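Presented below is the structure to which this report refers.
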Amino acid sequence: MIVIREIGGTGVRVGPVGFGGAAIAGLYTLIDDATAAAAVDAAWEAGVRYFDTAPHYGLGLSERRLGAALRRYPRDEFVVSTKVGRLLEPNPHPTGSDRDAGGFEVPDDLVRRLDYTARGVRRSIADSLDRLGLDRIDIALVHDPDDHMDTALAEAVPALAELRDRGVVGAVGAGMNHVAPLQRFAAHPDVDVVMVAGRWTPVDRRAAPLLAACAATGVSVLAAAPFNSGLLTTDWPPDDAYFDYAPAPAPVLATARRIAALCREHTVPLPAVAVQFARRHPAVAAVVAGMRTAEQSQTVVRWATTPVPEELWSAVDAEVAPGVGPGVTRAGLEGRCIPGQPG
């Protein structure tokens with residue numbers, strides 16, 4: 001049974017799996033329009049109704065491609081999230097490709113300019129609406145304001161809240177890789193949702209304090225990057241697996257392989273556990289996974305619906321303690337404790 005969860009108290013509702021739109025914008029490798037459209041269509045046919053994108057992804061290409069694909073479907077049947085904080089402007093010194101600057105194999109005729117001011121946010125939303133071809137954004141997230149937290153909290157969030165009051169935006173939040181700054185956003189009275197990437201997975205439980213705080217206040221969580229940038233995409237993580245966009249350190253790889261061995265014992269694919277892990281927490285509204293092709297869309301949804309026995313979840317939960325970084329096991333934490341003192 002598909003369980004739909006509401007984003008905060010906004011009325012915006014999402015299913016368990018969201019379509020991550022970075023890959024269809026040429027993340028790392030070139031992808032054509034037809035392949036991108038097929039990925040969206042396959043996700044839709046598999047039951048996905050939540051789609052995430054951002055101006056950053058392919059210098060607006062993700063928004064344009066996603067908007068074109070979704071135009072074939074009823075507007076009231078899907079949810080779109082996009083982000084603010086990076087304005088796109090003409091590039092005075094193009095090199096021919098955004099691969100080195102932004103990670104996307106697209107022409108770099110545009111350049112990103114960070115802007116978390118109220119004025120920048122309003123322009124960003126207007127530009128995104130134009131690229132998407134929509135009249136409203138269901139979820140608007142402040143994107144990676146790591147070095148601009150004060151401006152983001154003082155200007156970006158109130159500007160988005162004003163747009164929410166006007167019906168241009170449905171829910172307001174922030175999306176980041178780091179837990180501590182997201183806790184500041186979660187405490188803001190105008191924030192409905194936070195997106196945390198790669199920090200609430202079977203091998204990385206650092207988002208535990210954030211999820212606990214959100215559960216207590218009614219702020220929803222979107223868990224992105226459930227495969228930790230490649231580590232958990234296969235049944236047995238290879239020696240050259242990537243974690244957090246870099247080669248996986250030995251302790252992290254070892255943890256992933258212990259969990260993979262548990263999955264093999266129960267004949268459950270490791271990626272299925274990765275996709276389903278986050279949404280077991282009541283604060284998590286949806287898991288957002290990247291989908292590049294029709295086959296990937298179908299596969300991710302299949303993993304999301306694969307039965308996982310409770311005894312496997314218990315074994316996975318026993319491997320890594322909530323609130324700690326990757327590669328730190330429960331046994332390791334207990335081994336460092338001094339008898340009679342808190343660990």
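By order of appearance in the structure tokens: chains A, B, ..., then residues from 1 within every chain, and ligands from 1 in the order shown.
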
Could you pull out the helix (DSSP H, G or I) residues of segment 143-323 of chain A, going by DSSP on the backbone, and write them as a VMD selection string?
chain A and resid 149 to 165 179 to 186 208 to 217 228 to 230 250 to 265 270 to 280 294 to 304 310 to 317

Sel. of strand (DSSP E) residues, segment 36-279 of chain A, as a ChimeraX atom specification
/A:50-52,79-84,86-90,110-114,137-143,169-176,193-197,220-224,242-243,246-247

Show me, as JSON lines, the residues of segment 91-152 of chain A having an atom within 10 Å of segment 183-192 of chain A, each with the closest atom pair and its distance in Å, using only C-alpha atoms.
```
{"residue": "A:Ile139", "atom": "CA", "partner": "A:Asp192", "partner_atom": "CA", "distance": 9.2}
{"residue": "A:Ala140", "atom": "CA", "partner": "A:Asp192", "partner_atom": "CA", "distance": 9.9}
{"residue": "A:Leu141", "atom": "CA", "partner": "A:Val191", "partner_atom": "CA", "distance": 9.5}
{"residue": "A:Val142", "atom": "CA", "partner": "A:Phe185", "partner_atom": "CA", "distance": 9.6}
{"residue": "A:Met149", "atom": "CA", "partner": "A:Arg184", "partner_atom": "CA", "distance": 8.9}
{"residue": "A:Ala152", "atom": "CA", "partner": "A:Phe185", "partner_atom": "CA", "distance": 9.1}
```

Please identify all polymer residues within 9 Å of Ile4 of chain A, counting only C-alpha atoms, omitting same-chain residues fewer than 6 positions from it, and present them as a list in words.
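The residues satisfying every condition are Arg13, Val14, Gly15, Pro16, Ala285 and Ala286 of chain A.
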
Taken to one decimal, the atom CA of Pro307 of chain A-atom CA of Pro271 of chain A distance is 12.2 Å

Between atom CA of Ala224 of chain A and atom CA of Val111 of chain A, measure the distance and give it in Å to one decimal.
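Between atom CA of Ala224 of chain A and atom CA of Val111 of chain A the gap is 24.9 Å.
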
Rounded to one decimal in Å, what is the spacing between atom CA of Val301 of chain A and atom CA of Ala43 of chain A?
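Pair atom CA of Val301 of chain A / atom CA of Ala43 of chain A returns 7.7 Å.
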
Exercise: segment 261-264 of chain A partners within 9 Å, only C-alpha atoms, chain neighbours under 3 positions left out, as a list in words
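So the residues in contact are Asp235, Trp236, Ala256, Arg257, Arg258, Thr267, Val268, Pro269, Leu270, Val273, Leu312, Ala315 and Val316 of chain A.
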
Any idea what's packed within 12 Å of Thr255 of chain A, counting only C-alpha atoms, ignoring anything in its chain fewer than 2 positions away? Could you give it as number ranges by chain?
A: 201-204, 231-232, 236-237, 243, 248-253, 257-262, 316-321, 325-332

Determine, counting only C-alpha atoms, which protein, DNA and RNA residues have an atom within 7 Å of an atom of Ala223 of chain A; residues of the same chain fewer than 2 positions away are not included. Present the result as a list in words.
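With the cut-off at 7 Å, the set is Met195, Val196, Ala197, Trp200, Val221, Ala225, Pro226, Ala278, Val284, Ala286, Val287 and Val288 of chain A.
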
Would you pick out the contacts of Arg292 of chain A at 12 Å or less, using only C-alpha atoms, so that residues sharing its chain but fewer than 2 positions from it are not included, and give the list as a compact mmCIF listing (two decimals) with all heavy atoms, in the first residue's frame?
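Output saved as out.txt:
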```txt
# COMPACT_ATOMS: atom_id res chain seq x y z
N PHE A 19 11.21 11.69 -7.74
CA PHE A 19 12.10 11.66 -8.90
C PHE A 19 13.14 12.76 -8.75
O PHE A 19 12.81 13.94 -8.77
CB PHE A 19 11.27 11.87 -10.17
CG PHE A 19 12.04 11.85 -11.47
CD1 PHE A 19 12.04 10.73 -12.27
CD2 PHE A 19 12.74 12.97 -11.90
CE1 PHE A 19 12.73 10.70 -13.47
CE2 PHE A 19 13.43 12.97 -13.09
CZ PHE A 19 13.43 11.82 -13.89
N GLY A 20 14.41 12.38 -8.61
CA GLY A 20 15.48 13.36 -8.53
C GLY A 20 15.91 13.79 -9.91
O GLY A 20 16.33 12.97 -10.73
N GLY A 21 15.80 15.09 -10.21
CA GLY A 21 15.95 15.58 -11.57
C GLY A 21 17.33 16.03 -11.99
O GLY A 21 17.47 16.59 -13.09
N ALA A 22 18.36 15.78 -11.19
CA ALA A 22 19.70 16.20 -11.61
C ALA A 22 20.22 15.36 -12.78
O ALA A 22 20.83 15.88 -13.71
CB ALA A 22 20.67 16.11 -10.44
N ALA A 23 19.97 14.07 -12.74
CA ALA A 23 20.54 13.17 -13.74
C ALA A 23 20.04 13.47 -15.15
O ALA A 23 20.79 13.34 -16.12
CB ALA A 23 20.24 11.72 -13.38
N ILE A 24 18.78 13.89 -15.29
CA ILE A 24 18.25 14.14 -16.64
C ILE A 24 18.78 15.45 -17.22
O ILE A 24 18.46 15.79 -18.36
CB ILE A 24 16.70 14.15 -16.66
CG1 ILE A 24 16.14 15.28 -15.80
CG2 ILE A 24 16.14 12.80 -16.24
CD1 ILE A 24 14.66 15.54 -16.03
N ALA A 25 19.61 16.15 -16.46
CA ALA A 25 20.23 17.38 -16.97
C ALA A 25 21.70 17.16 -17.31
O ALA A 25 22.46 18.11 -17.41
CB ALA A 25 20.10 18.50 -15.94
N GLY A 26 22.11 15.90 -17.50
CA GLY A 26 23.48 15.64 -17.91
C GLY A 26 24.47 15.64 -16.77
O GLY A 26 25.62 16.04 -16.97
N LEU A 27 24.06 15.18 -15.59
CA LEU A 27 24.99 15.11 -14.47
C LEU A 27 26.13 14.15 -14.82
O LEU A 27 25.90 12.95 -15.03
CB LEU A 27 24.27 14.64 -13.21
CG LEU A 27 25.11 14.53 -11.94
CD1 LEU A 27 25.66 15.90 -11.53
CD2 LEU A 27 24.28 13.93 -10.79
N TYR A 28 27.34 14.68 -14.94
CA TYR A 28 28.57 13.93 -15.25
C TYR A 28 28.66 13.47 -16.71
O TYR A 28 29.74 13.49 -17.30
CB TYR A 28 28.76 12.73 -14.32
CG TYR A 28 28.77 13.10 -12.86
CD1 TYR A 28 28.03 12.37 -11.94
CD2 TYR A 28 29.50 14.20 -12.40
CE1 TYR A 28 28.03 12.70 -10.59
CE2 TYR A 28 29.50 14.55 -11.05
CZ TYR A 28 28.76 13.80 -10.15
OH TYR A 28 28.75 14.13 -8.83
N THR A 29 27.54 13.00 -17.28
CA THR A 29 27.59 12.52 -18.66
C THR A 29 26.40 13.06 -19.46
O THR A 29 25.34 13.35 -18.91
CB THR A 29 27.55 10.98 -18.72
OG1 THR A 29 26.37 10.52 -18.05
CG2 THR A 29 28.77 10.38 -18.09
N LEU A 30 26.61 13.17 -20.77
CA LEU A 30 25.60 13.71 -21.67
C LEU A 30 24.35 12.83 -21.71
O LEU A 30 24.45 11.60 -21.66
CB LEU A 30 26.19 13.83 -23.07
CG LEU A 30 25.37 14.59 -24.13
CD1 LEU A 30 25.28 16.06 -23.77
CD2 LEU A 30 26.03 14.41 -25.50
N ILE A 31 23.20 13.45 -21.82
CA ILE A 31 21.94 12.73 -21.97
C ILE A 31 21.05 13.54 -22.90
O ILE A 31 21.03 14.78 -22.82
CB ILE A 31 21.25 12.49 -20.60
CG1 ILE A 31 19.90 11.78 -20.77
CG2 ILE A 31 21.07 13.78 -19.83
CD1 ILE A 31 19.26 11.41 -19.44
N ASP A 32 20.34 12.87 -23.80
CA ASP A 32 19.54 13.61 -24.77
C ASP A 32 18.11 13.82 -24.28
O ASP A 32 17.69 13.24 -23.27
CB ASP A 32 19.54 12.92 -26.14
CG ASP A 32 18.99 11.50 -26.10
OD1 ASP A 32 18.09 11.22 -25.29
OD2 ASP A 32 19.46 10.67 -26.91
N ASP A 33 17.36 14.66 -25.01
CA ASP A 33 15.99 15.01 -24.61
C ASP A 33 15.09 13.79 -24.52
O ASP A 33 14.28 13.66 -23.59
CB ASP A 33 15.39 16.01 -25.61
CG ASP A 33 16.03 17.39 -25.53
OD1 ASP A 33 16.68 17.69 -24.51
OD2 ASP A 33 15.87 18.16 -26.49
N ALA A 34 15.21 12.89 -25.50
CA ALA A 34 14.32 11.73 -25.54
C ALA A 34 14.54 10.81 -24.34
O ALA A 34 13.58 10.30 -23.74
CB ALA A 34 14.52 10.96 -26.85
N THR A 35 15.79 10.60 -23.97
CA THR A 35 16.09 9.74 -22.83
C THR A 35 15.57 10.36 -21.54
O THR A 35 15.00 9.67 -20.68
CB THR A 35 17.60 9.50 -22.72
OG1 THR A 35 18.06 8.88 -23.93
CG2 THR A 35 17.94 8.60 -21.54
N ALA A 36 15.75 11.67 -21.40
CA ALA A 36 15.26 12.36 -20.21
C ALA A 36 13.74 12.27 -20.12
O ALA A 36 13.18 11.98 -19.05
CB ALA A 36 15.70 13.82 -20.24
N ALA A 37 13.04 12.50 -21.22
CA ALA A 37 11.58 12.43 -21.23
C ALA A 37 11.10 11.02 -20.90
O ALA A 37 10.12 10.84 -20.16
CB ALA A 37 11.04 12.88 -22.58
N ALA A 38 11.80 10.02 -21.42
CA ALA A 38 11.42 8.64 -21.16
C ALA A 38 11.57 8.29 -19.68
O ALA A 38 10.78 7.52 -19.12
CB ALA A 38 12.26 7.69 -22.01
N ALA A 39 12.60 8.86 -19.03
CA ALA A 39 12.79 8.62 -17.60
C ALA A 39 11.62 9.17 -16.79
O ALA A 39 11.12 8.52 -15.86
CB ALA A 39 14.10 9.24 -17.13
N VAL A 40 11.18 10.38 -17.15
CA VAL A 40 10.03 10.98 -16.45
C VAL A 40 8.77 10.16 -16.71
O VAL A 40 7.99 9.86 -15.79
CB VAL A 40 9.84 12.44 -16.89
CG1 VAL A 40 8.59 13.04 -16.23
CG2 VAL A 40 11.06 13.27 -16.53
N ASP A 41 8.54 9.79 -17.97
CA ASP A 41 7.34 9.02 -18.31
C ASP A 41 7.31 7.67 -17.59
O ASP A 41 6.27 7.23 -17.10
CB ASP A 41 7.27 8.80 -19.82
CG ASP A 41 6.93 10.07 -20.58
OD1 ASP A 41 6.39 11.01 -19.97
OD2 ASP A 41 7.22 10.12 -21.80
N ALA A 42 8.45 7.00 -17.54
CA ALA A 42 8.51 5.70 -16.87
C ALA A 42 8.24 5.84 -15.38
O ALA A 42 7.57 5.00 -14.77
CB ALA A 42 9.87 5.05 -17.10
N ALA A 43 8.77 6.91 -14.77
CA ALA A 43 8.49 7.15 -13.36
C ALA A 43 7.00 7.38 -13.14
O ALA A 43 6.41 6.84 -12.19
CB ALA A 43 9.30 8.35 -12.87
N SER A 62 17.40 20.86 -16.38
CA SER A 62 16.51 19.95 -15.66
C SER A 62 15.11 20.53 -15.55
O SER A 62 14.12 19.82 -15.77
CB SER A 62 17.08 19.66 -14.26
OG SER A 62 16.18 18.86 -13.52
N LEU A 66 12.02 18.75 -17.34
CA LEU A 66 10.97 18.24 -16.46
C LEU A 66 9.64 18.91 -16.76
O LEU A 66 8.59 18.24 -16.85
CB LEU A 66 11.36 18.48 -15.00
CG LEU A 66 10.40 17.90 -13.95
CD1 LEU A 66 10.30 16.40 -14.08
CD2 LEU A 66 10.87 18.28 -12.55
N ALA A 289 15.28 10.03 -5.18
CA ALA A 289 16.36 9.28 -5.81
C ALA A 289 16.55 9.74 -7.25
O ALA A 289 15.57 9.97 -7.97
CB ALA A 289 16.06 7.79 -5.78
N GLY A 290 17.79 9.86 -7.67
CA GLY A 290 18.07 10.26 -9.04
C GLY A 290 17.66 9.19 -10.04
O GLY A 290 17.87 7.99 -9.81
N ALA A 294 14.61 5.47 -18.41
CA ALA A 294 13.35 4.77 -18.12
C ALA A 294 13.63 3.54 -17.28
O ALA A 294 12.91 3.23 -16.32
CB ALA A 294 12.65 4.40 -19.42
N GLU A 295 14.70 2.80 -17.62
CA GLU A 295 15.04 1.60 -16.87
C GLU A 295 15.37 1.92 -15.42
O GLU A 295 14.95 1.22 -14.49
CB GLU A 295 16.22 0.89 -17.53
CG GLU A 295 16.60 -0.40 -16.82
CD GLU A 295 17.79 -1.10 -17.47
OE1 GLU A 295 18.40 -0.49 -18.38
OE2 GLU A 295 18.12 -2.22 -17.05
N GLN A 296 16.11 3.01 -15.19
CA GLN A 296 16.43 3.39 -13.82
C GLN A 296 15.18 3.76 -13.04
O GLN A 296 15.04 3.41 -11.87
CB GLN A 296 17.42 4.55 -13.81
CG GLN A 296 18.85 4.16 -14.11
CD GLN A 296 19.83 5.29 -13.89
OE1 GLN A 296 19.47 6.37 -13.42
NE2 GLN A 296 21.09 5.07 -14.24
N SER A 297 14.26 4.48 -13.67
CA SER A 297 13.02 4.85 -12.99
C SER A 297 12.25 3.61 -12.57
O SER A 297 11.77 3.51 -11.43
CB SER A 297 12.15 5.71 -13.92
OG SER A 297 12.80 6.94 -14.21
N GLN A 298 12.13 2.65 -13.47
CA GLN A 298 11.42 1.42 -13.16
C GLN A 298 12.12 0.64 -12.05
O GLN A 298 11.46 0.09 -11.15
CB GLN A 298 11.30 0.56 -14.42
CG GLN A 298 10.44 1.18 -15.50
CD GLN A 298 10.69 0.58 -16.89
OE1 GLN A 298 11.62 -0.22 -17.07
NE2 GLN A 298 9.88 0.97 -17.85
N THR A 299 13.44 0.62 -12.10
CA THR A 299 14.21 -0.14 -11.11
C THR A 299 14.08 0.47 -9.73
O THR A 299 13.89 -0.25 -8.72
CB THR A 299 15.68 -0.20 -11.52
OG1 THR A 299 15.79 -0.86 -12.79
CG2 THR A 299 16.50 -0.96 -10.49
N VAL A 300 14.18 1.79 -9.64
CA VAL A 300 14.07 2.44 -8.33
C VAL A 300 12.70 2.18 -7.70
O VAL A 300 12.60 1.88 -6.50
CB VAL A 300 14.33 3.96 -8.45
CG1 VAL A 300 13.95 4.68 -7.16
CG2 VAL A 300 15.80 4.22 -8.77
```

Nearest to Arg280 of chain A: which of A:Ala254, A:Val79, A:Leu211, A:Ala216 is it, counting only C-alpha atoms?
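Using only C-alpha atoms, Arg280 of chain A sits closest to A:Leu211.
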
Can you work out which one of A:Gly58, A:Gly175, A:Gly120, A:Gly47 has the shortest atom-to-atom distance to Thr151 of chain A, counting only C-alpha atoms?
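Between A:Gly58, A:Gly175, A:Gly120, A:Gly47, the residue approaching Thr151 of chain A most closely is A:Gly120.
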